[in-house]
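Raw contents of input.cif, mmCIF, C-alpha atoms:
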```
data_final
loop_
_atom_site.label_atom_id
_atom_site.label_comp_id
_atom_site.auth_asym_id
_atom_site.auth_seq_id
_atom_site.Cartn_x
_atom_site.Cartn_y
_atom_site.Cartn_z
CA MET K 1 -3.23 -9.46 -13.22
CA SER K 2 -0.38 -8.66 -10.90
CA GLY K 3 0.92 -5.99 -8.60
CA THR K 4 4.15 -5.39 -6.73
CA LEU K 5 4.47 -6.68 -3.19
CA SER K 6 5.08 -4.44 -0.18
CA VAL K 7 4.52 -4.64 3.58
CA GLN K 8 2.94 -2.09 5.93
CA LEU K 9 5.40 -1.48 8.75
CA TYR K 10 2.55 -1.24 11.27
CA SER K 11 2.55 -5.03 11.09
CA VAL K 12 5.78 -5.12 13.11
CA ARG K 13 5.36 -1.90 15.08
CA ASP K 14 6.51 -3.38 18.42
CA ALA K 15 9.66 -4.84 16.89
CA LEU K 16 10.33 -1.54 15.10
CA ALA K 17 10.11 0.36 18.38
CA ALA K 18 12.59 -2.02 19.99
CA ASP K 19 15.07 -2.39 17.09
CA ARG K 20 14.20 -0.65 13.85
CA SER K 21 17.34 -1.47 11.88
CA GLY K 22 17.17 -5.13 12.90
CA THR K 23 13.46 -5.34 12.12
CA LEU K 24 13.91 -3.86 8.65
CA ALA K 25 16.79 -6.26 8.00
CA ARG K 26 14.58 -9.18 9.01
CA LEU K 27 11.82 -8.08 6.61
CA ALA K 28 14.42 -7.98 3.85
CA GLN K 29 15.62 -11.47 4.82
CA ILE K 30 12.05 -12.74 4.51
CA GLY K 31 12.11 -11.45 0.95
CA TYR K 32 10.30 -8.13 1.04
CA ARG K 33 11.77 -5.41 -1.14
CA TYR K 34 9.29 -2.60 -0.44
CA VAL K 35 7.69 -1.23 2.71
CA GLU K 36 4.93 1.24 3.54
CA PRO K 37 5.96 3.46 6.48
CA PHE K 38 3.55 5.03 8.97
CA ALA K 39 3.60 7.45 11.92
CA LEU K 40 6.51 9.66 10.88
CA GLY K 41 4.58 12.50 12.49
CA PHE K 42 1.19 14.08 13.08
CA TRP K 43 -0.12 17.16 11.20
CA ASN K 44 1.30 19.45 13.90
CA THR K 45 4.73 17.80 14.11
CA PRO K 46 7.38 20.50 13.55
CA THR K 47 8.72 20.32 10.01
CA GLU K 48 12.33 19.80 11.03
CA GLN K 49 11.36 16.90 13.28
CA LEU K 50 9.22 15.34 10.56
CA LEU K 51 12.03 15.56 8.02
CA ALA K 52 14.57 14.28 10.53
CA ASN K 53 12.34 11.26 11.17
CA ALA K 54 12.15 10.62 7.42
CA ARG K 55 15.92 10.89 6.97
CA VAL K 56 16.68 8.48 9.81
CA LEU K 57 14.19 5.98 8.41
CA ARG K 58 15.68 6.40 4.93
CA ALA K 59 19.13 5.56 6.26
CA ASP K 60 17.83 2.42 7.98
CA LEU K 61 15.93 1.39 4.84
CA ASP K 62 19.06 1.85 2.74
CA ALA K 63 21.06 -0.28 5.16
CA ALA K 64 18.47 -3.06 4.84
CA GLY K 65 18.22 -2.72 1.06
CA LEU K 66 14.54 -1.74 1.20
CA ALA K 67 12.60 0.77 -0.88
CA VAL K 68 9.30 2.53 -0.18
CA SER K 69 6.09 1.78 -2.05
CA THR K 70 3.75 4.32 -0.48
CA VAL K 71 3.69 6.20 2.81
CA HIS K 72 0.96 6.90 5.36
CA ALA K 73 1.26 10.52 6.41
CA ALA K 74 -0.55 13.40 8.07
CA ILE K 75 -1.74 16.46 6.16
CA PRO K 76 -1.30 19.91 7.73
CA ALA K 77 -3.17 23.06 6.79
CA GLY K 78 -1.56 25.38 4.27
CA SER K 79 1.68 24.45 2.52
CA GLN K 80 2.33 20.83 1.66
CA ASP K 81 6.07 21.38 1.25
CA ALA K 82 6.90 19.16 4.23
CA VAL K 83 4.76 16.30 2.91
CA ALA K 84 6.36 16.61 -0.52
CA GLU K 85 9.83 16.62 1.05
CA VAL K 86 9.05 13.47 3.05
CA CYS K 87 8.08 11.78 -0.21
CA ARG K 88 11.29 12.98 -1.84
CA ILE K 89 13.40 11.64 1.03
CA LEU K 90 11.62 8.29 1.00
CA GLU K 91 11.55 8.17 -2.81
CA THR K 92 7.84 7.51 -3.20
CA ASP K 93 5.23 9.28 -5.31
CA THR K 94 2.18 8.24 -3.27
CA VAL K 95 1.10 9.52 0.14
CA ILE K 96 -1.92 7.97 1.86
CA VAL K 97 -4.26 9.38 4.50
CA ALA K 98 -5.24 6.45 6.71
CA ILE K 99 -7.88 8.13 8.92
CA PRO K 100 -9.53 11.60 8.85
CA LEU K 101 -7.80 12.51 12.12
CA LEU K 102 -4.53 12.75 10.16
CA VAL K 103 -5.87 15.78 8.28
CA GLU K 104 -5.74 18.98 10.30
CA GLY K 105 -9.19 20.09 11.38
CA PHE K 106 -10.92 16.72 11.19
CA GLY K 107 -11.81 14.05 13.72
CA GLY K 108 -13.73 10.81 13.96
CA GLU K 109 -17.15 12.20 13.05
CA VAL K 110 -16.51 12.64 9.33
CA PHE K 111 -18.19 9.53 7.95
CA GLY K 112 -21.36 9.87 9.98
CA ASN K 113 -22.05 13.47 8.96
CA ARG K 114 -22.51 14.50 5.35
CA GLU K 115 -21.52 18.12 5.93
CA ALA K 116 -18.29 17.04 7.64
CA LEU K 117 -17.65 14.52 4.85
CA GLU K 118 -18.08 17.23 2.23
CA ARG K 119 -15.58 19.44 4.05
CA PHE K 120 -13.15 16.53 4.34
CA ALA K 121 -13.44 15.68 0.64
CA GLY K 122 -12.92 19.34 -0.24
CA ARG K 123 -9.78 19.47 1.86
CA MET K 124 -8.47 16.26 0.30
CA ASN K 125 -9.14 17.60 -3.19
CA GLY K 126 -7.28 20.82 -2.51
CA VAL K 127 -4.27 18.98 -1.10
CA ALA K 128 -4.34 16.47 -3.96
CA HIS K 129 -3.88 19.25 -6.50
CA LEU K 130 -1.09 20.89 -4.49
CA LEU K 131 0.76 17.58 -4.31
CA ALA K 132 0.04 16.70 -7.94
CA ASP K 133 1.96 19.83 -8.91
CA ARG K 134 4.94 18.17 -7.18
CA GLY K 135 4.40 14.81 -8.94
CA ILE K 136 2.83 13.18 -5.88
CA ARG K 137 -0.45 11.28 -5.64
CA LEU K 138 -2.71 11.65 -2.60
CA GLY K 139 -4.84 8.70 -1.55
CA TYR K 140 -7.23 7.51 1.15
CA HIS K 141 -7.10 4.19 3.00
CA ASN K 142 -10.26 2.65 4.43
CA HIS K 143 -10.90 0.85 7.68
CA GLN K 144 -14.47 -0.26 8.42
CA PHE K 145 -16.06 2.85 9.89
CA GLU K 146 -16.31 4.52 6.46
CA TRP K 147 -19.50 2.57 5.72
CA ALA K 148 -21.50 4.56 8.27
CA GLU K 149 -25.03 5.41 7.17
CA LEU K 150 -25.65 9.03 6.22
CA GLY K 151 -29.40 8.70 5.76
CA GLY K 152 -31.44 8.12 2.64
CA GLY K 153 -29.63 4.85 2.04
CA GLU K 154 -26.29 6.58 1.46
CA LEU K 155 -23.07 5.18 2.93
CA GLY K 156 -20.13 7.38 3.85
CA PHE K 157 -17.61 5.41 1.79
CA ASP K 158 -19.66 5.69 -1.40
CA VAL K 159 -20.33 9.39 -0.94
CA LEU K 160 -16.65 10.11 -0.26
CA TRP K 161 -15.58 8.69 -3.62
CA GLU K 162 -18.33 10.62 -5.38
CA LEU K 163 -17.01 13.82 -3.81
CA LEU K 164 -13.30 13.20 -4.28
CA ASP K 165 -11.56 14.50 -7.38
CA PRO K 166 -10.50 11.71 -9.78
CA ILE K 167 -6.85 12.46 -9.06
CA VAL K 168 -7.29 11.15 -5.49
CA VAL K 169 -6.38 7.46 -5.43
CA ALA K 170 -7.68 4.61 -3.29
CA GLU K 171 -5.83 2.22 -1.05
CA VAL K 172 -8.45 -0.45 -0.43
CA ASP K 173 -8.10 -2.61 2.67
CA VAL K 174 -10.00 -5.71 1.61
CA TYR K 175 -10.19 -7.17 5.12
CA TRP K 176 -11.83 -4.12 6.67
CA ALA K 177 -14.24 -3.91 3.72
CA VAL K 178 -15.38 -7.48 4.36
CA SER K 179 -15.57 -6.78 8.10
CA ALA K 180 -17.96 -3.92 7.30
CA GLY K 181 -20.18 -6.29 5.33
CA GLN K 182 -19.00 -5.10 1.93
CA ASP K 183 -17.79 -6.94 -1.18
CA PRO K 184 -14.22 -5.90 -2.09
CA VAL K 185 -14.66 -7.17 -5.64
CA GLU K 186 -17.59 -4.81 -6.21
CA ILE K 187 -15.75 -1.92 -4.55
CA LEU K 188 -12.63 -2.44 -6.63
CA ALA K 189 -14.58 -2.80 -9.86
CA ARG K 190 -16.38 0.46 -9.13
CA LEU K 191 -13.20 2.37 -8.27
CA GLY K 192 -11.37 0.94 -11.28
CA ALA K 193 -8.13 2.66 -12.19
CA ARG K 194 -8.34 4.87 -9.10
CA VAL K 195 -7.06 1.92 -7.04
CA ALA K 196 -3.36 2.49 -6.40
CA ALA K 197 -2.88 -0.10 -3.66
CA LEU K 198 -4.51 -3.01 -1.86
CA HIS K 199 -4.05 -3.92 1.78
CA LEU K 200 -4.10 -7.70 1.88
CA LYS K 201 -4.78 -9.68 5.04
CA ASP K 202 -7.28 -12.21 6.35
CA GLY K 203 -9.10 -13.08 9.52
CA PRO K 204 -12.48 -13.81 11.09
CA GLY K 205 -14.04 -10.51 10.01
CA GLY K 206 -16.90 -8.95 11.92
CA LEU K 207 -17.64 -5.47 13.20
CA ASP K 208 -15.33 -5.48 16.19
CA ASP K 209 -13.59 -2.41 17.53
CA PRO K 210 -11.11 -1.40 14.78
CA MET K 211 -8.66 -0.31 17.45
CA ARG K 212 -8.86 -3.76 19.07
CA PRO K 213 -9.49 -6.13 16.16
CA LYS K 214 -9.85 -9.87 16.41
CA PRO K 215 -6.59 -11.75 15.75
CA GLN K 216 -5.87 -12.13 12.07
CA VAL K 217 -4.71 -15.29 10.34
CA SER K 218 -2.83 -16.30 7.23
CA ILE K 219 -4.28 -15.28 3.87
CA GLY K 220 -6.64 -18.01 2.69
CA ALA K 221 -7.54 -19.16 6.19
CA GLY K 222 -10.12 -16.44 6.95
CA VAL K 223 -13.22 -14.88 5.43
CA VAL K 224 -11.62 -12.83 2.64
CA ASP K 225 -11.30 -14.06 -0.94
CA VAL K 226 -8.03 -12.24 -1.43
CA LEU K 227 -7.34 -13.67 -4.88
CA ALA K 228 -10.74 -12.54 -6.14
CA ALA K 229 -10.01 -9.06 -4.83
CA ILE K 230 -6.64 -9.00 -6.58
CA SER K 231 -8.30 -10.07 -9.82
CA ALA K 232 -10.73 -7.15 -9.51
CA ALA K 233 -7.96 -4.56 -9.09
CA PRO K 234 -6.21 -2.74 -11.95
CA ASP K 235 -2.83 -3.86 -13.17
CA GLY K 236 0.19 -2.21 -11.64
CA CYS K 237 -1.12 -1.45 -8.16
CA TRP K 238 0.74 -2.17 -4.94
CA HIS K 239 -0.11 -5.35 -3.02
CA ILE K 240 0.62 -4.46 0.60
CA THR K 241 0.50 -7.14 3.27
CA GLU K 242 -0.47 -6.01 6.75
CA ILE K 243 -1.26 -7.41 10.17
CA ASP K 244 -3.19 -5.40 12.73
CA ILE K 245 -3.07 -8.03 15.46
CA THR K 246 -2.32 -11.74 15.49
CA GLU K 247 -1.68 -14.58 17.89
CA ALA K 248 1.03 -15.85 15.53
CA ASP K 249 4.58 -14.56 15.20
CA PRO K 250 4.11 -11.52 12.93
CA PHE K 251 7.27 -12.19 10.94
CA GLU K 252 6.24 -15.78 10.31
CA LEU K 253 2.76 -14.65 9.26
CA LEU K 254 4.19 -12.03 6.91
CA ALA K 255 6.44 -14.70 5.40
CA THR K 256 3.47 -17.06 4.97
CA ASN K 257 1.34 -14.36 3.35
CA ARG K 258 4.17 -13.37 1.03
CA ARG K 259 4.60 -16.96 -0.13
CA PHE K 260 0.84 -17.39 -0.65
CA LEU K 261 0.64 -14.33 -2.91
CA ILE K 262 3.75 -15.22 -4.90
CA ASP K 263 2.72 -18.86 -5.32
CA ALA K 264 -0.67 -17.69 -6.61
CA GLY K 265 1.13 -15.87 -9.42
CA ARG K 266 -0.64 -12.58 -8.75
CA THR K 267 2.16 -10.62 -7.14
CA ILE K 268 5.61 -9.50 -8.22
CA PRO K 269 7.98 -9.98 -5.25
#
```

Mind turning the file's structure into structure tokens?
Amino acid sequence: MSGTLSVQLYSVRDALAADRSGTLARLAQIGYRYVEPFALGFWNTPTEQLLANARVLRADLDAAGLAVSTVHAAIPAGSQDAVAEVCRILETDTVIVAIPLLVEGFGGEVFGNREALERFAGRMNGVAHLLADRGIRLGYHNHQFEWAELGGGELGFDVLWELLDPIVVAEVDVYWAVSAGQDPVEILARLGARVAALHLKDGPGGLDDPMRPKPQVSIGAGVVDVLAAISAAPDGCWHITEIDITEADPFELLATNRRFLIDAGRTIP
């Protein structure tokens, strides 16, 4: 089984803020061909500003010879025209919600409250159909808080995917799943063809503060069996490397992780 390699730009967020064009060029020099952008705007960012941000990024990506795999974006109420236009500008057909706060009307309480989770799933389903009419897939990306207990033995993550329409795809972060005490192989097997992308990284795991995670390490040197997770995912999904925080040079770590995945024969560079 294999997927196509990409890199989440959050991994080099500080370098991007200082020199975006140079940072993108360096990722291309390492050998990455695809990236996953983030933070182009919030759900209340004015449309013209959001689209301007996307156009400037597109120009810098073109200069570096990079394409877009998927994009993390915010979802406003009402029309999804702006979201669809961002995808058109960036030339991607998959937009991912990374946390509930990126969907207008929702905050951090979603996964600990079944009623809120049902409302969130309903909103995601409605948006998914609006975007599907434009040829765009909507997905959700997990961290570790999704496995909150809802009572009766139910976990928020499991209930979410029972409530979501089958057209909503999954971007499974295998590291955060392990950090939440879950088995990525089981999760991926259960989601099956709904998995559109994997976030691949490694580290010490543990239920630390997701906003201040423990430093991550090279793939294969931590607690995650990344190759087993890849084997459990459908063919054709995106393999997206990411670093939340590390004591290493992030570019060097991204280069090491890229080489590990390619040498394992599971990823198309």

For this session: I would like the residues chosen by the PyMOL selection byres ((chain K and resi 223) around 7) on the shown file; could you give them as JSON, numbers by chain?
Result: {"K": [202, 203, 204, 205, 222, 224, 225]}

Exercise. With only C-alpha atoms as the atoms that count, which of K:Asp165, K:Glu146, K:Asp81, K:Glu104 lies nearest to K:Leu131?
Worked result: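 Among the listed residues, K:Asp81 lies closest to K:Leu131.
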
For this session: On this file, the PyMOL selection byres ((chain K and resi 250-255) around 8) gives some set of residues; write that set as a VMD selection string.
Result: chain K and resid 11 to 12 27 30 to 31 217 to 218 241 to 243 246 248 to 249 256 to 259

Problem set entry | Residue neighbourhood K:Ala189, 9 Å, only C-alpha atoms, exclusion window fewer than 6 positions, as a ChimeraX atom specification | /K:232-234

For this session: Using the chain letters and residue numbers of this document, give as a list of chain:residue names the residues selected by the PyMOL selection byres ((chain K and resi 268) around 12).
Result: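 Applying the expression gives K:Met1, K:Ser2, K:Gly3, K:Thr4, K:Leu5, K:Ser6, K:Gly31, K:Tyr32, K:Arg33, K:Tyr34, K:Asp235, K:Gly236, K:Cys237, K:Trp238, K:His239, K:Ile240, K:Arg258, K:Arg259, K:Phe260, K:Leu261, K:Ile262, K:Asp263, K:Ala264, K:Gly265, K:Arg266, K:Thr267, K:Pro269.
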
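Using only C-alpha atoms, the smallest distance between any of K:Leu90, K:Val226, K:Val35, K:Ile245 and K:Asp183 comes from K:Val226.
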
Problem set entry | Non-local contacts of K:Ser21 (9 Å; only C-alpha atoms; under 3 positions in same chain excluded) as a PyMOL selection string | chain K and resi 16+24-26+57+60-61+63-64

Exercise. Of the candidates K:Val97, K:Glu115, K:Ala77, K:Val168, which one gets nearest to K:Ala39 if we count only C-alpha atoms?
Worked result: K:Val97

Problem set entry | Atom-to-atom span, atom CA of K:Asp19 and atom CA of K:Leu101, Å |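 A separation of 27.7 Å between them.
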
Exercise. Out of K:Asp93, K:Glu85, K:Asp244, K:Asp14, which residue has the shortest atom-to-atom distance to K:Ala54 when counting all atoms listed in the file?
Worked result: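 Among the listed residues, K:Glu85 lies closest to K:Ala54.
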
Exercise. With all atoms listed in the file as the atoms that count, which of K:Gly122, K:Pro184, K:Gly220, K:Gly108 lies nearest to K:Leu198?
Worked result: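 Closest to K:Leu198 of all the choices is K:Pro184.
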
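Minimum distance to K:Ala74 across K:Val159, K:Ala197, K:Leu188, K:Val95 (counting all atoms listed in the file) occurs at K:Val95.
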
For this session: Record the distance separating atom CA of K:Arg194 and atom CA of K:Thr94, expressed in Å with one decimal.
Result: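 Rounded to one decimal, the two atoms are 12.5 Å apart.
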
Exercise. Expressed in Å to a single decimal, how great is the separation between atom CA of K:Asp133 and atom CA of K:Ala84?
Worked result: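 Rounded to one decimal, the two atoms are 10.0 Å apart.
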
Problem set entry | Ref. answer, residues at most 9 Å from (6.5, 5.3, 3.7) with only C-alpha atoms, as a PyMOL selection string | chain K and resi 8-9+35-40+54+67-73+86-87+90-92+94-95

Please, could you write that set of residues out with C-alpha atoms as a PDB file, keeping the file's coordinate frame?
```pdb
ATOM      1  CA  GLN K   8       2.940  -2.090   5.930  1.00  0.00           C
ATOM      2  CA  LEU K   9       5.400  -1.480   8.750  1.00  0.00           C
ATOM      3  CA  VAL K  35       7.690  -1.230   2.710  1.00  0.00           C
ATOM      4  CA  GLU K  36       4.930   1.240   3.540  1.00  0.00           C
ATOM      5  CA  PRO K  37       5.960   3.460   6.480  1.00  0.00           C
ATOM      6  CA  PHE K  38       3.550   5.030   8.970  1.00  0.00           C
ATOM      7  CA  ALA K  39       3.600   7.450  11.920  1.00  0.00           C
ATOM      8  CA  LEU K  40       6.510   9.660  10.880  1.00  0.00           C
ATOM      9  CA  ALA K  54      12.150  10.620   7.420  1.00  0.00           C
ATOM     10  CA  ALA K  67      12.600   0.770  -0.880  1.00  0.00           C
ATOM     11  CA  VAL K  68       9.300   2.530  -0.180  1.00  0.00           C
ATOM     12  CA  SER K  69       6.090   1.780  -2.050  1.00  0.00           C
ATOM     13  CA  THR K  70       3.750   4.320  -0.480  1.00  0.00           C
ATOM     14  CA  VAL K  71       3.690   6.200   2.810  1.00  0.00           C
ATOM     15  CA  HIS K  72       0.960   6.900   5.360  1.00  0.00           C
ATOM     16  CA  ALA K  73       1.260  10.520   6.410  1.00  0.00           C
ATOM     17  CA  VAL K  86       9.050  13.470   3.050  1.00  0.00           C
ATOM     18  CA  CYS K  87       8.080  11.780  -0.210  1.00  0.00           C
ATOM     19  CA  LEU K  90      11.620   8.290   1.000  1.00  0.00           C
ATOM     20  CA  GLU K  91      11.550   8.170  -2.810  1.00  0.00           C
ATOM     21  CA  THR K  92       7.840   7.510  -3.200  1.00  0.00           C
ATOM     22  CA  THR K  94       2.180   8.240  -3.270  1.00  0.00           C
ATOM     23  CA  VAL K  95       1.100   9.520   0.140  1.00  0.00           C
TER      24      VAL K  95
END
```

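With only the atoms specified (all atoms listed in the file) counting, those residues at most 6 Å away from (-13.5, 8.2, -8.3) are K:Trp161, K:Pro166, K:Leu191.
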
Exercise. Do you know which residues are at most 12 Å from K:Gly78 counting all atoms listed in the file, after dropping those on the same chain fewer than 4 positions away, and could you put them as JSON, numbers by chain?
Worked result: {"K": [43, 44, 82, 83, 103, 104, 105, 123, 126, 127, 130, 131]}
